[in-house]
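See below for the structure under consideration.
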Amino acid sequence: MKILHTDVLVIGGGLAGLRTAIGARRRGLDVSILSLVPPKRSHSAAAQGGMQASLANAVKGYGDNEDVHFADTVRGSDWGADQDVVRMFVHMAPKAVRELAHWGVPWNRVQGGKHNVIINGQPVTLEESEAAHGLITARNFGGTAKWRTCYVADGTGHSMLYNVSDQAIAANIPVLERTEAMALIHDGQRCYGAIVRNLMTGELFAHTANATCIATGGFGRIYRISTNAVINEGMGAAIALETGVATLGNMEAVQFHPTGIFPAGILVTEGCRGDGGLLLDGDGHRFMPDYEPEKAELASRDVVARHMEYHIKQGKGARSRFGEHLWLDIRLLGEQHINHKLREVKEICQYFLGINPVHELIPVRPAQHYSMGGIRTDAHGQSPQLQGLFACGEAACWDMHGFNRLGGNSVAETVVAGMIVGESIADYCLSEAGQGMIDTALVKRFLQQEQDALDGICKSKGTEKASELIKQMQTLMTDYVGIYRDGTNLQTAVSELKSLLERSERVGLQSSAPGVNPELVMAYRLPRMLKLALCVAQGALNRTESRGAHTRLDYPQRDDSQWLKRTLASWPLGASSPTLNYEPIDIMKMELPPGWRGYGKKDFIPHPDADTRQQQVDAIHRKTQNRFERQQALLPFHHLLPEKFHQNNARFQENSEGESP
Amino acid sequence: MTQDSKQRIPVNESEPNSRQLTFEIFRFNPLDPGSEPHFDTFTLEETAGMTLFIALNLIREEQDPSLQFDFVCRAGICGSCAMLINGRPDLACRTLTQALPSTIRLAPLPVFELIGDLSVNTGKWMHGMSERLQTWVHTETEPDLDAMEAAMEPALAEQIYELERCIECGCCVAGCGTAVMREAFVGAVGLNKMARFRLDPRDERDDGAFYELIGHDDGIFGCMSLMGCQDVCPKALPLQTQLAFLRRKMAFAGI
């Protein structure tokens, strides 16, 4: 039996995993990373538009600070987020941007003086302060009160990933490229590492560790139409679920991005709309202001995606041989802007659509984009159920996004969570609890179990084809568990998915090629993807309300009286469906009690304690002198952060009392 | 501004193309003692908007489940899927079949270690290059994360990004005369990175330090100026200008 051991095992080589590994390494721990692909090929690279951090350097960001970012994020989440985690996040985001600047990310900078932009379809001249010249600038994004999204043209994720990955190389952190975690080694109480498969040779081995961190991203590929990379099959979340102990939070909270190019579903950034691009229907009419007079194209993604689908259902879509879609118009931004700030978008249009967006419209339709749900962790990133198991980034439900993530908050989460969880892991490994014996008999049992499972698939005489079943799953998810949901369709999805899960036990292979055998890979991932899909569909069926991206036609209102709580899915060993439990979100601790989001539907069923909490909050507002004091009185969060991150963030034009002109 | 939206016809609405495509695909599984390098032929009916990503997945689903290839983003940004397409290195995911003749010959990139069929280990090569050339910002200062960031000229930030757009796909290495002959040559990808860090004021290395890393025949002086790299770069990076500039600077640094 081959066993590798390090203090820390990070599963996933994208931004979240890399930043976590660097943090733990800098505390003197031995760290290794497993990655399905070379780290620089991770899906983090696909984040185009930017990263939110309240630097307030650009004129349209003046007055921005943590409080404004906090309120935007909580409203975006439709009050599904953990507000203490949101507080940790907004406090850390400026530090993360500045760390990345130090590591080499060439953030776009403020150009002092006048410049022309497009706002709400009209040309506007802005004047940037000469004193801010050269500081990190920001663009507009959906669901935000200020221009807060720091960016590197439309290759933000690429630039961040390359510089962070190079820092990991500088720190001499080994990455086992092209390896897959097949199972977590655990005894029901504590996690001891993972069973790993080499995706070049097919070899199976054990990698033990005192702390294991899953940072494997989202599970978009359980859907047919998704902006996600083909590796985003949720295997990290799935092996956590398969422990029977760890839980997945809010799996029904799935984001659909308004602008996937049609029909391929490849993303074009929200920066297109942030920079002034418009959505047009089949008649060339700009329809979003009809639905959202306040924010138009720049309401949150869930709201814009819903209006787009609704508009298409009203017969207003443009028609093509592949079906109906809408148009994204960035022509008004001009060639210079597109060539410099939206060049990846231009390339994608040229190569995949054969069009030039400087002169032509881009066909778009909402596509699955992001998994708000994932492995439930506490504020430190550790699983509340399985000690020694950590998770961060999209794979985790930390939970700062609730039922809808704001654009620009995901790459920000990857590095912020990495900075925090890297420290948590180091604290854990260096503590008494983090020590402990690793039982080699247990390791051997898990290794044998995985080997037997693979051998079983290879020897199976089953006639089902994994590729066929995956397609059926993806179609079910897109058709029945998509943007608009209802009880009947969700019930159908649940029963069909259960039947697919049964059929997945009868998958047989045609190929017995030695090595990785791509057909075998698909066969063992299939039941894991189906389990995730069932968590999503069952969670959506049970949640009889509409919140954020979860939209029930048969329960159109947000229902705070019944559903101010987080779904926790677990999969007991040997079960054929998930068990759902619920974790209340305490309204009496909220810094921002539930209300209207500022866009989208105005009616909701209030929580009985909403008024009481609002009165408490108002009283604290009256009693306190400045924003720091007020915030401390409402929702203290510094104790949850590593001490080195406790300081306030310096900001252009802001004094030490937190006031800006 | 919305006048011509109804008049234009996007490419995906053109008439269906019913060509029969013939794929000649390189096959070899180094882990299979019975496997010999050869080309297999597959035929497929072309559909509108078909890319090599779609075609190869169809072939694997319907004709040969053992076929090995690499795709990740399928959007032309991650650099996983570079291969020889009718002899020329390019990204398979964003190559439309309609841009190719009806016989399409696919082979793995040369120079890199073969994993199987069309899959090569570019990751290992790139990682080795990064370690050798130390492709990260070298600085002695610890950042103060609570303080305002240092200012940078907006135009300089854009210039750095221009060079940072490289996706390490390996096309420039596969298209390079020197790389085929000199195993240790760092390629345009490596030299471009040196140009990127040299441009970056946050990197405290001077030309002497860069000369140590690339002032030899496996570095900048190995380049024969054949310009193959620039011809095949999917991101259209200004590689030849950068390499020529770097050669001049390194020649001075070497004196």
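In the structure tokens, each chain is lettered A, B, ... as it comes, each chain's residues begin at 1, and ligands are numbered from 1 in order of appearance.
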Close residues, Leu44 (chain B) itself excluded, 7 Å, only C-alpha atoms, min 3 positions apart in chain, as a list in words
Gln20, Leu21 and Thr22 of chain B
Atoms to include: C-alpha atoms. Write the selected residues as a compact mmCIF listing (two decimals), in the first residue's frame.
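In the end it all went to selection.txt:
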```txt
# COMPACT_ATOMS: atom_id res chain seq x y z
CA GLN B 20 -19.04 14.14 -43.65
CA LEU B 21 -15.91 14.79 -41.65
CA THR B 22 -13.04 12.34 -41.55
```
Could you give me, as number ranges by chain, the residues within 10 Å of Ala55 (chain B), counting only C-alpha atoms and dropping anything in the same chain fewer than 6 positions from it?
B: 21, 23, 43-47, 61, 92-93, 96-97
Judged by only C-alpha atoms, the minimum distance to Glu131 (chain B) among B:Ile59, B:Leu213, B:Ile54, B:Val180 is found for B:Leu213
Hey, what does DSSP flag as strand (DSSP E or B) within region 4-149 of chain B? Can you give it to me as a PyMOL selection string?
chain B and resi 20-27+38-45+51+82-85+88-91+96+103-107+114-116+119-120
From a DSSP calculation on the backbone, collect every residue of region 4-247 of chain B in alpha helix (DSSP H) and output the set as a ChimeraX atom specification.
/B:52-62,122-133,154-164,171-174,177-181,187-199,207-214,228-232,239-247
Counting only C-alpha atoms, figure out which residue out of A:Met200, A:Ala181, A:Gly188, A:Leu9 gets nearest to Ile115 (chain B).
A:Met200
Near region 24-36 of chain B, counting only C-alpha atoms, which residues have an atom at most 9 Å away, once you skip same-chain residues fewer than 2 positions from it, shown as a ChimeraX atom specification?
/A:201,513-515 /B:22,38-43,67-68,103-108,114-118
Since we have the selection now, will you write its residues out, keeping N, CA, C and O atoms, as a CSV table (one decimal), in the first residue's frame?
```
chain,number,residue,atom,x,y,z
A,201,THR,N,-2.0,7.5,-14.8
A,201,THR,CA,-1.6,6.0,-14.8
A,201,THR,C,-2.8,5.1,-14.3
A,201,THR,O,-2.7,3.9,-14.5
A,513,ALA,N,-8.9,-0.3,-21.5
A,513,ALA,CA,-7.6,0.2,-21.7
A,513,ALA,C,-6.9,0.4,-20.4
A,513,ALA,O,-7.5,1.0,-19.5
A,514,PRO,N,-5.6,0.0,-20.3
A,514,PRO,CA,-4.9,0.3,-19.1
A,514,PRO,C,-4.6,1.8,-18.9
A,514,PRO,O,-4.6,2.5,-19.9
A,515,GLY,N,-4.4,2.2,-17.7
A,515,GLY,CA,-4.1,3.6,-17.5
A,515,GLY,C,-5.4,4.3,-16.9
A,515,GLY,O,-6.1,3.6,-16.2
B,22,THR,N,-13.9,13.5,-41.8
B,22,THR,CA,-13.0,12.3,-41.5
B,22,THR,C,-12.0,12.8,-40.6
B,22,THR,O,-11.2,13.7,-40.9
B,38,HIS,N,-0.1,5.0,-33.9
B,38,HIS,CA,-0.7,4.9,-35.2
B,38,HIS,C,-1.8,5.9,-35.3
B,38,HIS,O,-2.1,6.6,-34.3
B,39,PHE,N,-2.4,6.1,-36.5
B,39,PHE,CA,-3.6,6.9,-36.6
B,39,PHE,C,-4.8,6.1,-36.8
B,39,PHE,O,-4.8,5.1,-37.6
B,40,ASP,N,-5.9,6.5,-36.1
B,40,ASP,CA,-7.2,5.8,-36.3
B,40,ASP,C,-8.1,6.8,-37.1
B,40,ASP,O,-8.0,8.0,-36.9
B,41,THR,N,-9.0,6.2,-37.9
B,41,THR,CA,-9.9,7.1,-38.7
B,41,THR,C,-11.3,7.0,-38.1
B,41,THR,O,-11.8,5.9,-37.9
B,42,PHE,N,-12.0,8.1,-37.9
B,42,PHE,CA,-13.4,8.2,-37.5
B,42,PHE,C,-14.1,9.1,-38.5
B,42,PHE,O,-13.5,10.1,-38.9
B,43,THR,N,-15.4,8.8,-38.7
B,43,THR,CA,-16.2,9.7,-39.5
B,43,THR,C,-17.3,10.2,-38.7
B,43,THR,O,-17.8,9.6,-37.8
B,67,LEU,N,-10.6,6.9,-26.1
B,67,LEU,CA,-9.8,8.1,-26.7
B,67,LEU,C,-9.5,9.1,-25.6
B,67,LEU,O,-10.3,9.6,-24.8
B,68,GLN,N,-8.2,9.4,-25.5
B,68,GLN,CA,-7.7,10.4,-24.5
B,68,GLN,C,-7.4,11.8,-25.1
B,68,GLN,O,-6.8,11.9,-26.2
B,103,THR,N,-11.2,16.5,-44.2
B,103,THR,CA,-10.3,15.6,-43.5
B,103,THR,C,-9.5,16.3,-42.5
B,103,THR,O,-8.8,17.3,-42.8
B,104,ILE,N,-9.6,15.9,-41.2
B,104,ILE,CA,-8.9,16.7,-40.1
B,104,ILE,C,-8.0,15.7,-39.4
B,104,ILE,O,-8.4,14.7,-38.9
B,105,ARG,N,-6.7,16.0,-39.5
B,105,ARG,CA,-5.7,15.2,-38.8
B,105,ARG,C,-5.3,15.8,-37.5
B,105,ARG,O,-4.9,16.9,-37.4
B,106,LEU,N,-5.5,15.0,-36.4
B,106,LEU,CA,-5.1,15.5,-35.1
B,106,LEU,C,-4.0,14.7,-34.5
B,106,LEU,O,-4.1,13.5,-34.5
B,107,ALA,N,-3.0,15.4,-33.9
B,107,ALA,CA,-1.9,14.7,-33.3
B,107,ALA,C,-1.5,15.5,-32.0
B,107,ALA,O,-1.8,16.7,-31.9
B,108,PRO,N,-0.9,14.8,-31.1
B,108,PRO,CA,-0.5,15.5,-29.8
B,108,PRO,C,0.6,16.6,-30.1
B,108,PRO,O,1.3,16.4,-31.1
B,114,LEU,N,4.2,12.6,-23.7
B,114,LEU,CA,2.9,12.0,-24.1
B,114,LEU,C,2.2,11.3,-23.0
B,114,LEU,O,2.8,10.4,-22.4
B,115,ILE,N,1.0,11.6,-22.6
B,115,ILE,CA,0.2,10.8,-21.6
B,115,ILE,C,-0.5,9.7,-22.3
B,115,ILE,O,-0.6,8.6,-21.9
B,116,GLY,N,-1.1,10.0,-23.5
B,116,GLY,CA,-1.9,9.1,-24.3
B,116,GLY,C,-2.7,9.8,-25.3
B,116,GLY,O,-3.3,10.8,-25.1
B,117,ASP,N,-2.7,9.2,-26.5
B,117,ASP,CA,-3.4,9.8,-27.7
B,117,ASP,C,-3.1,11.3,-27.8
B,117,ASP,O,-2.0,11.6,-28.2
B,118,LEU,N,-4.1,12.2,-27.6
B,118,LEU,CA,-3.9,13.6,-27.8
B,118,LEU,C,-3.5,14.3,-26.6
B,118,LEU,O,-3.3,15.6,-26.6
```
Nearby residues (only C-alpha atoms) at most 6 Å from Ala549 (chain A), same-chain spacing under 6 positions excluded, as a VMD selection string:
chain A and resid 255 302 403 to 404
Which residues are close to region 335-338 of chain A, i.e. within 12 Å by only C-alpha atoms, leaving aside same-chain residues fewer than 3 positions away? Reply as a VMD selection string.
chain A and resid 115 to 118 153 to 154 271 to 272 275 to 277 329 to 332 341 to 347 349 356 to 360
Taking into account only C-alpha atoms, which residue in the set A:Met235, A:Ala132, A:Leu126, A:Leu497 is nearest to Tyr524 (chain A)?
A:Met235
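Every protein or nucleic acid residue with an atom no more than 10 Å from Val173 (chain B), counting only C-alpha atoms and leaving out same-chain residues fewer than 5 positions away, appears here: Pro89, Leu109, Pro110, Val111, Phe112, Thr122, Glu168, Thr178, Ala179, Val180, Phe185, Val186, Gly187, Ala188, Val189, Gly190, Gly228, Cys229, Val232 and Cys233 of chain B.
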Can I get the selection written as a PDB file, in the first residue's frame, with N, CA and C atoms?
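Once everything was written out, this is selection09.pdb:
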```pdb
ATOM      1  N   PRO B  89      -0.064  23.837 -34.491  1.00  0.00           N
ATOM      2  CA  PRO B  89      -0.491  23.891 -33.084  1.00  0.00           C
ATOM      3  C   PRO B  89      -1.586  24.932 -32.892  1.00  0.00           C
ATOM      4  N   LEU B 109       0.733  17.574 -29.288  1.00  0.00           N
ATOM      5  CA  LEU B 109       1.836  18.521 -29.428  1.00  0.00           C
ATOM      6  C   LEU B 109       3.151  17.776 -29.292  1.00  0.00           C
ATOM      7  N   PRO B 110       4.126  18.082 -30.163  1.00  0.00           N
ATOM      8  CA  PRO B 110       5.457  17.519 -29.974  1.00  0.00           C
ATOM      9  C   PRO B 110       6.144  18.189 -28.779  1.00  0.00           C
ATOM     10  N   VAL B 111       7.330  17.748 -28.452  1.00  0.00           N
ATOM     11  CA  VAL B 111       8.188  18.276 -27.365  1.00  0.00           C
ATOM     12  C   VAL B 111       7.724  17.786 -25.986  1.00  0.00           C
ATOM     13  N   PHE B 112       6.406  17.853 -25.719  1.00  0.00           N
ATOM     14  CA  PHE B 112       5.909  17.506 -24.382  1.00  0.00           C
ATOM     15  C   PHE B 112       5.760  15.995 -24.231  1.00  0.00           C
ATOM     16  N   THR B 122       1.716  19.125 -20.598  1.00  0.00           N
ATOM     17  CA  THR B 122       2.214  20.506 -20.633  1.00  0.00           C
ATOM     18  C   THR B 122       2.409  21.044 -19.219  1.00  0.00           C
ATOM     19  N   GLU B 168      -0.094  29.503 -21.271  1.00  0.00           N
ATOM     20  CA  GLU B 168       0.776  28.323 -21.126  1.00  0.00           C
ATOM     21  C   GLU B 168       0.230  27.099 -21.860  1.00  0.00           C
ATOM     22  N   THR B 178      13.972  25.752 -32.148  1.00  0.00           N
ATOM     23  CA  THR B 178      14.954  25.499 -31.100  1.00  0.00           C
ATOM     24  C   THR B 178      14.451  24.459 -30.100  1.00  0.00           C
ATOM     25  N   ALA B 179      13.182  24.577 -29.714  1.00  0.00           N
ATOM     26  CA  ALA B 179      12.635  23.672 -28.692  1.00  0.00           C
ATOM     27  C   ALA B 179      12.699  22.213 -29.136  1.00  0.00           C
ATOM     28  N   VAL B 180      12.548  21.998 -30.445  1.00  0.00           N
ATOM     29  CA  VAL B 180      12.605  20.625 -30.956  1.00  0.00           C
ATOM     30  C   VAL B 180      14.025  20.069 -30.824  1.00  0.00           C
ATOM     31  N   PHE B 185      15.498  24.230 -23.715  1.00  0.00           N
ATOM     32  CA  PHE B 185      15.139  25.586 -24.145  1.00  0.00           C
ATOM     33  C   PHE B 185      13.830  26.021 -23.474  1.00  0.00           C
ATOM     34  N   VAL B 186      13.820  27.239 -22.922  1.00  0.00           N
ATOM     35  CA  VAL B 186      12.666  27.670 -22.120  1.00  0.00           C
ATOM     36  C   VAL B 186      11.490  28.158 -22.971  1.00  0.00           C
ATOM     37  N   GLY B 187      11.725  28.294 -24.271  1.00  0.00           N
ATOM     38  CA  GLY B 187      10.625  28.635 -25.170  1.00  0.00           C
ATOM     39  C   GLY B 187      10.184  30.083 -25.056  1.00  0.00           C
ATOM     40  N   ALA B 188       9.345  30.483 -26.029  1.00  0.00           N
ATOM     41  CA  ALA B 188       8.819  31.854 -25.998  1.00  0.00           C
ATOM     42  C   ALA B 188       7.990  32.078 -24.747  1.00  0.00           C
ATOM     43  N   VAL B 189       7.304  31.017 -24.286  1.00  0.00           N
ATOM     44  CA  VAL B 189       6.490  31.158 -23.071  1.00  0.00           C
ATOM     45  C   VAL B 189       7.353  31.608 -21.895  1.00  0.00           C
ATOM     46  N   GLY B 190       8.520  30.978 -21.736  1.00  0.00           N
ATOM     47  CA  GLY B 190       9.407  31.334 -20.629  1.00  0.00           C
ATOM     48  C   GLY B 190      10.012  32.720 -20.802  1.00  0.00           C
ATOM     49  N   GLY B 228       8.169  31.222 -35.397  1.00  0.00           N
ATOM     50  CA  GLY B 228       7.108  30.207 -35.321  1.00  0.00           C
ATOM     51  C   GLY B 228       6.197  30.471 -34.129  1.00  0.00           C
ATOM     52  N   CYS B 229       6.802  30.881 -33.006  1.00  0.00           N
ATOM     53  CA  CYS B 229       6.018  31.120 -31.777  1.00  0.00           C
ATOM     54  C   CYS B 229       4.928  32.146 -32.008  1.00  0.00           C
ATOM     55  N   VAL B 232       1.941  31.031 -34.200  1.00  0.00           N
ATOM     56  CA  VAL B 232       0.949  30.077 -33.681  1.00  0.00           C
ATOM     57  C   VAL B 232       0.337  30.493 -32.351  1.00  0.00           C
ATOM     58  N   CYS B 233       0.781  31.594 -31.752  1.00  0.00           N
ATOM     59  CA  CYS B 233       0.270  31.976 -30.421  1.00  0.00           C
ATOM     60  C   CYS B 233      -1.236  32.256 -30.486  1.00  0.00           C
TER      61      CYS B 233
END
```
Give me the residues within 12 Å of Gly548 (chain A) as a PyMOL selection string, counting only C-alpha atoms and dropping any in the same chain fewer than 6 places off.
chain A and resi 73-81+250+252-256+299-306+372+401-406+483-484+556-559+596-597+599-601+604
Cys169 (chain B) proximity check over A:Lys2, A:Gly17, A:Tyr223, A:Arg41, using only C-alpha atoms: winner is A:Arg41
Shortest interatomic distance to chain B - which of A:Gly61, A:Gly265, A:Gly354, A:Gly274, counting only C-alpha atoms
A:Gly354
Taking into account only C-alpha atoms, which residue in the set B:Gly215, B:Gly175, B:Gly170, B:Pro201 is nearest to chain A?
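For chain A, the nearest of the candidates is B:Pro201.
Here CA of Arg651 (chain A) and CA of Tyr161 (chain B) stand 25.0 Å from one another.
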